[in-house]
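Undergrad: Just passing along the structure, written as structure tokens.
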There are 2 protein chains.
Amino acid sequence: MHPSTASRSLAEQPVRISAATVARVREAARTLGYRRDASAAALRTGSSRLVGVLVHRLTDLALATMYAGADAAAAEAGYNTVVANGLDDPQVRRDRLEALLARRIDGVILADARSDDTLADHLAALGVPYVLAMRTLPGHLSVGTDDVEGGRLAAEHLLELGHRRVAVAAGDPLASTGHDRTAGFRQAFAEAGHPVPDDAVAATGFGVAAGHAAGNRLAALDPAPSAVFAVDDLTAVGVIGALRDAGRTVGSDVALVGYNDVELAADLPVGLTSVRSDRDRMGRLAFGLLLERIAGRDVASARLPPVLVPRASTLGAVPPG
Amino acid sequence: MHPSTASRSLAEQPVRISAATVARVREAARTLGYRRDASAAALRTGSSRLVGVLVHRLTDLALATMYAGADAAAAEAGYNTVVANGLDDPQVRRDRLEALLARRIDGVILADARSDDTLADHLAALGVPYVLAMRTLPGHLSVGTDDVEGGRLAAEHLLELGHRRVAVAAGDPLASTGHDRTAGFRQAFAEAGHPVPDDAVAATGFGVAAGHAAGNRLAALDPAPSAVFAVDDLTAVGVIGALRDAGRTVGSDVALVGYNDVELAADLPVGLTSVRSDRDRMGRLAFGLLLERIAGRDVASARLPPVLVPRASTLGAVPPG
């Protein structure tokens, strides 16, 4: 057998060789203990079949679910994902991206975009295929939820229940998720004739600790809001803890709406009303679009529709105010 | 300048060349737009500076924190981590490991070991450096919490509060975490003269949905337990939801102890008593031990001490039974 026949038989997508030959060569290689060497293959084909995923941190449950979807789709396509935790720190993000590029990754899923940074522009300038996921930026290919609509759904739900004096735990306004969800919510309340004042919007960041800080500020408002919208479920848990410490019980004294509908929302002592986004699908879509970009094809951004899931945190006997 | 001087100047740890020369060559390379090629470096040095991390899924909050610690330590040492989500499925795990090995990873952090599988033996047989994290197996290098002691701490806390009829949401008994925490808990209750009957131990797996299933079973016990030990905090949240659906309130009708002390435990409406393990440190230690193994040095397994953090879920007015 000619060496190049064996070589082509061992490639991941063998061409112009009969299936029987491929099977025979692969079996022989397996018997001899050979394993495909991805480093050598990357040098020869120019493709590492590695995709970088930039996140702020994977302890963000919503992000971890999106990542799981992207990773599953990648595995099905014969790719591996390399995660880089940017910690929302510009220097760390740039360093981690450089480390990924040194690995000849085929493309990047950027899940930690912020309106104050230039990493997406940098990738575009380098000609590295990329797609933004979860957080979007104008002018860049992205997969996200329609977060303005999601914020609006939360507002309409609270308006229907009679709430007029409301507050927002707004996350990070430099992330499109925090910005758009807050904007949609405030728009709907303003249109209904009950604008949300600036001091009732606490933009302290995402996560339990940030939510607790937001809850502390919102608990001090006078008059007290009868309902709070937290732009992320873990942020909502922090709000719950802070309000509890201030002597107020979510679901009876004050209504609360979260966002993402992470798995634990339904099992909290008072089930958390939340705006659901299909993050597994978001991750799969993001990887699919990235593959298209790697193949040099033009594709359009995608927005998934949000759905409000009402539970006891708003449906309980909270007197609207 | 001799080509090999330039080559050595661009290596990550240049040797026998003056710092001035190194800086000059690197600056020239940067100006010309060159970037270190990790694939080529891997072929030449035999080291990819990639480390694989096998997990069951990163939506497990405790695991995500451990991973973050390992990844931070890896980044500090000039390594990248490649995560592989094994989903606790033997075939998926084996496939993902093969994909990692094809990338010439320098070593593996195995965070999803189970007593019914042979992946750790397989790595040992291949001579691939590895360390188990979170879940341990006899005869393999590992970093974990002393989970027997952790289960014992939970039991002693409940015994002190007067509880005698207790139940366990035991997670996965094939994972050392589920097994050891349950064993330590039952040992302590047995030694105190109040053995936990088998039908009060629901081994339904880890996570919110599994915890909800365990809670459903434990809620049907007659007589009802006055306290429940869940071997993992997200599992505990599922128990909370199931007991709530059965009309019982954690913290007033029934006491609950979780495990891991994830960030959200403190901010639940009724703060969750939990057994804390320092998972950031666990991840950093795991990567440190792996580096030693990669360097061919012998190292010993490490066990971190667990600490009980009491909160309202046990300190509330729960009548012991």
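If you're wondering about the labels, chains in the structure tokens are A, B, ... by order shown, residues count from 1 in each chain, ligands from 1 in order shown.
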Could you work out which residues of chain B fall inside 8 Å of chain A? Count only C-alpha atoms, and format the result as a PyMOL selection string.
TA: chain B and resi 35-40+42-43+57-59+61+64-65+68+71+75+80-85+96+99+102-104+208-209+212+234+237-242+244+249-250+263-264+266-269
Undergrad: Residues near Leu161 of chain A, anyone? I mean within 9 Å using only C-alpha atoms, not counting same-chain ones fewer than 5 positions away, as a PyMOL selection string.
TA: chain A and resi 156+314-315+320
Undergrad: Using atom CA of Val168 of chain A and atom CA of Phe229 of chain A as the two end points, give the distance in Å to one decimal.
TA: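 Separation between atom CA of Val168 of chain A and atom CA of Phe229 of chain A: 4.8 Å.
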Undergrad: Could you give me, as a PyMOL selection string, each residue of segment 49-271 of chain B that DSSP assigns to alpha helix (DSSP H) when run on this structure's backbone?
TA: chain B and resi 61-76+90-101+119-126+147-160+176-191+208-219+233-245
Undergrad: What does the distance between atom CA of Arg114 of chain A and atom CA of Arg276 of chain A come to in Å, to one decimal place?
TA: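 Value for the atom CA of Arg114 of chain A-atom CA of Arg276 of chain A distance: 22.1 Å.
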Undergrad: Name the residues of segment 176-296 of chain B that come out as strand (DSSP E or B) in a backbone DSSP run; write them as a PyMOL selection string.
TA: chain B and resi 201-202+227-230+250+254-260+273-276
Undergrad: Selected residues, N, CA and C atoms, written as a PDB file, in the first residue's frame, please.
TA:
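So the final result, stored in selection.pdb, reads:
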ATOM      1  N   VAL B 201     -32.915   6.631  52.587  1.00  0.00           N
ATOM      2  CA  VAL B 201     -31.761   7.082  51.807  1.00  0.00           C
ATOM      3  C   VAL B 201     -32.130   7.006  50.327  1.00  0.00           C
ATOM      4  N   ALA B 202     -32.287   8.167  49.693  1.00  0.00           N
ATOM      5  CA  ALA B 202     -32.695   8.222  48.285  1.00  0.00           C
ATOM      6  C   ALA B 202     -31.495   8.604  47.429  1.00  0.00           C
ATOM      7  N   ALA B 227     -35.500  15.898  59.701  1.00  0.00           N
ATOM      8  CA  ALA B 227     -34.361  16.568  59.063  1.00  0.00           C
ATOM      9  C   ALA B 227     -33.874  15.750  57.875  1.00  0.00           C
ATOM     10  N   VAL B 228     -33.344  16.455  56.869  1.00  0.00           N
ATOM     11  CA  VAL B 228     -32.805  15.808  55.674  1.00  0.00           C
ATOM     12  C   VAL B 228     -31.384  16.312  55.437  1.00  0.00           C
ATOM     13  N   PHE B 229     -30.496  15.391  55.061  1.00  0.00           N
ATOM     14  CA  PHE B 229     -29.142  15.754  54.635  1.00  0.00           C
ATOM     15  C   PHE B 229     -29.061  15.513  53.135  1.00  0.00           C
ATOM     16  N   ALA B 230     -28.801  16.578  52.366  1.00  0.00           N
ATOM     17  CA  ALA B 230     -28.598  16.440  50.918  1.00  0.00           C
ATOM     18  C   ALA B 230     -27.104  16.589  50.660  1.00  0.00           C
ATOM     19  N   VAL B 250     -39.058  24.016  54.573  1.00  0.00           N
ATOM     20  CA  VAL B 250     -37.717  23.848  55.132  1.00  0.00           C
ATOM     21  C   VAL B 250     -37.414  25.016  56.067  1.00  0.00           C
ATOM     22  N   VAL B 254     -39.234  21.235  58.639  1.00  0.00           N
ATOM     23  CA  VAL B 254     -38.201  20.219  58.465  1.00  0.00           C
ATOM     24  C   VAL B 254     -36.848  20.911  58.299  1.00  0.00           C
ATOM     25  N   ALA B 255     -35.820  20.339  58.933  1.00  0.00           N
ATOM     26  CA  ALA B 255     -34.470  20.899  58.829  1.00  0.00           C
ATOM     27  C   ALA B 255     -33.768  20.325  57.596  1.00  0.00           C
ATOM     28  N   LEU B 256     -32.813  21.079  57.048  1.00  0.00           N
ATOM     29  CA  LEU B 256     -32.105  20.625  55.846  1.00  0.00           C
ATOM     30  C   LEU B 256     -30.643  21.067  55.910  1.00  0.00           C
ATOM     31  N   VAL B 257     -29.746  20.123  55.596  1.00  0.00           N
ATOM     32  CA  VAL B 257     -28.321  20.439  55.488  1.00  0.00           C
ATOM     33  C   VAL B 257     -27.874  20.114  54.070  1.00  0.00           C
ATOM     34  N   GLY B 258     -27.180  21.046  53.418  1.00  0.00           N
ATOM     35  CA  GLY B 258     -26.620  20.800  52.092  1.00  0.00           C
ATOM     36  C   GLY B 258     -25.128  20.530  52.167  1.00  0.00           C
ATOM     37  N   TYR B 259     -24.454  20.577  51.020  1.00  0.00           N
ATOM     38  CA  TYR B 259     -23.018  20.302  50.994  1.00  0.00           C
ATOM     39  C   TYR B 259     -22.380  21.083  49.849  1.00  0.00           C
ATOM     40  N   ASN B 260     -21.243  21.690  50.124  1.00  0.00           N
ATOM     41  CA  ASN B 260     -20.390  22.468  49.217  1.00  0.00           C
ATOM     42  C   ASN B 260     -20.410  23.955  49.543  1.00  0.00           C
ATOM     43  N   THR B 273     -28.037  25.735  55.664  1.00  0.00           N
ATOM     44  CA  THR B 273     -26.885  25.173  56.368  1.00  0.00           C
ATOM     45  C   THR B 273     -26.152  24.247  55.404  1.00  0.00           C
ATOM     46  N   SER B 274     -24.826  24.367  55.336  1.00  0.00           N
ATOM     47  CA  SER B 274     -24.106  23.564  54.349  1.00  0.00           C
ATOM     48  C   SER B 274     -22.712  23.221  54.865  1.00  0.00           C
ATOM     49  N   VAL B 275     -22.129  22.180  54.294  1.00  0.00           N
ATOM     50  CA  VAL B 275     -20.761  21.796  54.633  1.00  0.00           C
ATOM     51  C   VAL B 275     -19.852  22.395  53.570  1.00  0.00           C
ATOM     52  N   ARG B 276     -18.984  23.313  53.989  1.00  0.00           N
ATOM     53  CA  ARG B 276     -18.153  24.038  53.031  1.00  0.00           C
ATOM     54  C   ARG B 276     -16.909  23.246  52.661  1.00  0.00           C
TER      55      ARG B 276
END
Undergrad: Suppose you want the space between atom CA of Ala183 of chain B and atom CA of Asp116 of chain B; what is it in Å?
TA: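 It comes out at 17.8 Å.
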Undergrad: Give the answer as one residue: which of B:Arg164, B:His122, B:Arg93, B:Arg293 has the shortest atom-to-atom distance to Gly321 of chain B, using only C-alpha atoms?
TA: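 Of all the options, B:Arg164 lies closest to Gly321 of chain B.
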